[in-house]
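Written out below as structure tokens is the structure these notes cover.
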Amino acid sequence: TMFEIEYKGANGIVITSKHTTLVVDPKLSLAGLKDVVVKNAVELGTEERFLLRAEQSQLALEGPGEYEVGDFSIRGVAAQRHIDAPGSEPLATIYRVEVQGVHIAVIGNVAPKLSDEQLEQLGVIDILIVPVGGGGYTLDATSATGMVRQVEPKVVIPVHYADEAAHYEVPQDTAETFTKELGAPVESVAKYKIKSAQSLPEALTVVQLARSA
């Protein structure tokens with residue numbers, strides 16, 4: 001396996017390659033779950049408040065810019081949060097993460113439409129990780145589907161949806177609401193293992209990950 005993607009709840013995602021572990025939005029205590037263990041890992045925050053900035057993490061990254069970390073090449077692009085008024089300061093960051101020729105877009109709780117400039121900075125994306133719970137806090141099924149159409153990935157991994165173990169600030173829709181709206185085939189796995197860039201599906205596929213403890 002070249003690398004694997006694991007889901008921890010909320011927007012918490014762990015991407016593990018041979019030499020490097022990247023943890024997106026590890027502070028899951030905000031959603032009533034256990035914070036992700038970030039020992040020797042790189043923390044990546046879609047917003048400052050989702051980082052732990054733990055002493056035992058290798059590094060914490062947040063905000064626009066270009067970062068090279070171990071096996072990962074990362075580009076942060078400024079974005080507006082879903083909860084902020086249109087035209088206000090962009091306090092969120094969307095990321096393009098490249099690992100061994102595969103391009104992953106990590107979308108946090110951002111406003112529904114990406115600008116041409118944001119799309120250009122993301123470039124061609126193979127795997128899109130997108131929150132779908134709605135409730136005025138994240139993209140809902142319709143706007144998440146709209147974003148999939150904008151980005152045109154091969155694989156979509158939905159995150160931040162209703163989960164009886166999590167306690168969100170506002171009620172969240174189920175992942176099924178999104179997958180029905182999108183209408184693409186769904187593959188449910190515990191972890192998503194990517195063997196090579198060539199092993200990705202040809203047609204748009206939803207990969208639904210089980211939340212791992």
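Each chain of the structure tokens is named A, B, ... in the order shown, its residues numbered from 1; ligands are numbered from 1 in display order.
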When you look at range 20-34 of chain A with a cut-off of 7 Å (counting only C-alpha atoms), what residues show up, excluding the ones that are within fewer than 2 positions of it in the same chain? I need them as a count of residues only.
25
Can you tell me, as an MDAnalysis selection string, what residues are no more than 10 Å from range 77-89 of chain A when counting only C-alpha atoms, ignoring any on the same chain fewer than 3 positions away?
chainID A and resid 46:47 63:66 74 92:96 107:115 117:119 121:122 134 136:139
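Residues in contact range of Thr145 in chain A, defined as at most 8 Å between only C-alpha atoms, with sequence neighbours fewer than 5 positions away removed, read Phe178, Glu181 and Leu182 of chain A.
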Write out the residues from the selection above, keeping C-alpha atoms, as a tab-separated table (two decimals), in the first residue's frame.
chain	number	residue	atom	x	y	z
A	178	PHE	CA	-25.39	13.16	0.79
A	181	GLU	CA	-28.15	13.32	-3.50
A	182	LEU	CA	-24.84	12.67	-5.28
